[in-house]
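Engineer: Just dropping this structure here.
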Amino acid sequence: MPRENVTIECTEARKEGKSPSRYMASRNKKLQTDKIEIKKYNPFLRRHTVHREIK
């Protein structure tokens, strides 16, 4: 099964001293070998921010 579930976390929240938002996403390991970067809504900052894959 090539798809795996990954956790993505907000990159801007820690810089501002707020709690980072986390989402679950899936990616195809064979086609996407680098880390995922998606714009998602962060409810703590009340705006859309870049979320990057973490371990």
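Please note that chains go A, B, ... in the order of the structure tokens, that every chain numbers its residues from 1, and that ligands are numbered from 1 in the order shown.
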Residues within 8 Å of Ala25 of chain A, please, as number ranges by chain. Count only C-alpha atoms; anything in the same chain fewer than 4 positions from it doesn't count.
Structural biologist: A: 5-8
Engineer: Excluding same-chain residues fewer than 5 positions from His51 of chain A, what lies within 8 Å of it counting only C-alpha atoms, as an MDAnalysis selection string?
Structural biologist: chainID A and resid 8:11 22 37:40
Engineer: For Lys30 of chain A, which residue out of A:Ile54, A:Thr49, A:Phe44, A:Arg3 is the nearest one, using only C-alpha atoms?
Structural biologist: A:Arg3
Engineer: Could you check the closest approach to Val50 of chain A for each of A:Glu4, A:Ser19, A:Leu31, A:Ile36 and tell me which residue wins, using only C-alpha atoms?
Structural biologist: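 Of A:Glu4, A:Ser19, A:Leu31, A:Ile36, the one nearest Val50 of chain A is A:Ile36, counting only C-alpha atoms.
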Engineer: Rank nothing, just name the residue among A:Arg27, A:Arg46, A:Lys55, A:Lys35 nearest to Glu12 of chain A, using only C-alpha atoms.
Structural biologist: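 Using only C-alpha atoms, the shortest distance to Glu12 of chain A belongs to A:Arg46.
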Engineer: Give me, please, the distance in Å between atom CA of Pro20 of chain A and atom CA of Leu45 of chain A, quoted to one decimal.
Structural biologist: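 Distance between the two atoms: 8.9 Å.
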Engineer: Please give the complete set of residues from segment 2-52 of chain A that DSSP, run on the backbone, assigns to strand (DSSP E), formatted as a tab-separated table (two decimals) with C-alpha atoms, in the first residue's frame.
Structural biologist:
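Result went into result-v1.tsv, see below:
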chain	number	residue	atom	x	y	z
A	3	ARG	CA	-0.32	5.72	0.77
A	4	GLU	CA	0.70	6.72	4.28
A	5	ASN	CA	-0.91	8.96	6.87
A	6	VAL	CA	1.17	11.94	7.97
A	7	THR	CA	0.74	14.76	10.48
A	8	ILE	CA	1.11	18.36	9.29
A	9	GLU	CA	1.78	21.22	11.71
A	10	CYS	CA	1.60	25.01	11.41
A	22	ARG	CA	-2.15	20.00	13.53
A	23	TYR	CA	-3.97	18.11	10.80
A	24	MET	CA	-3.81	14.58	9.45
A	25	ALA	CA	-3.23	14.07	5.72
A	26	SER	CA	-2.23	11.24	3.46
A	27	ARG	CA	0.34	11.12	0.71
A	28	ASN	CA	1.56	8.66	-1.89
A	37	GLU	CA	3.48	21.66	2.49
A	38	ILE	CA	-0.17	22.75	2.45
A	39	LYS	CA	-1.98	25.98	3.33
A	40	LYS	CA	-4.57	25.20	6.01
A	41	TYR	CA	-6.61	27.23	8.50
A	42	ASN	CA	-5.10	27.81	11.95
A	47	ARG	CA	-5.98	32.80	9.29
A	48	HIS	CA	-4.62	30.39	6.69
A	49	THR	CA	-0.97	29.46	7.23
A	50	VAL	CA	1.54	27.03	5.77
A	51	HIS	CA	1.48	23.60	7.42
A	52	ARG	CA	4.48	21.30	6.95
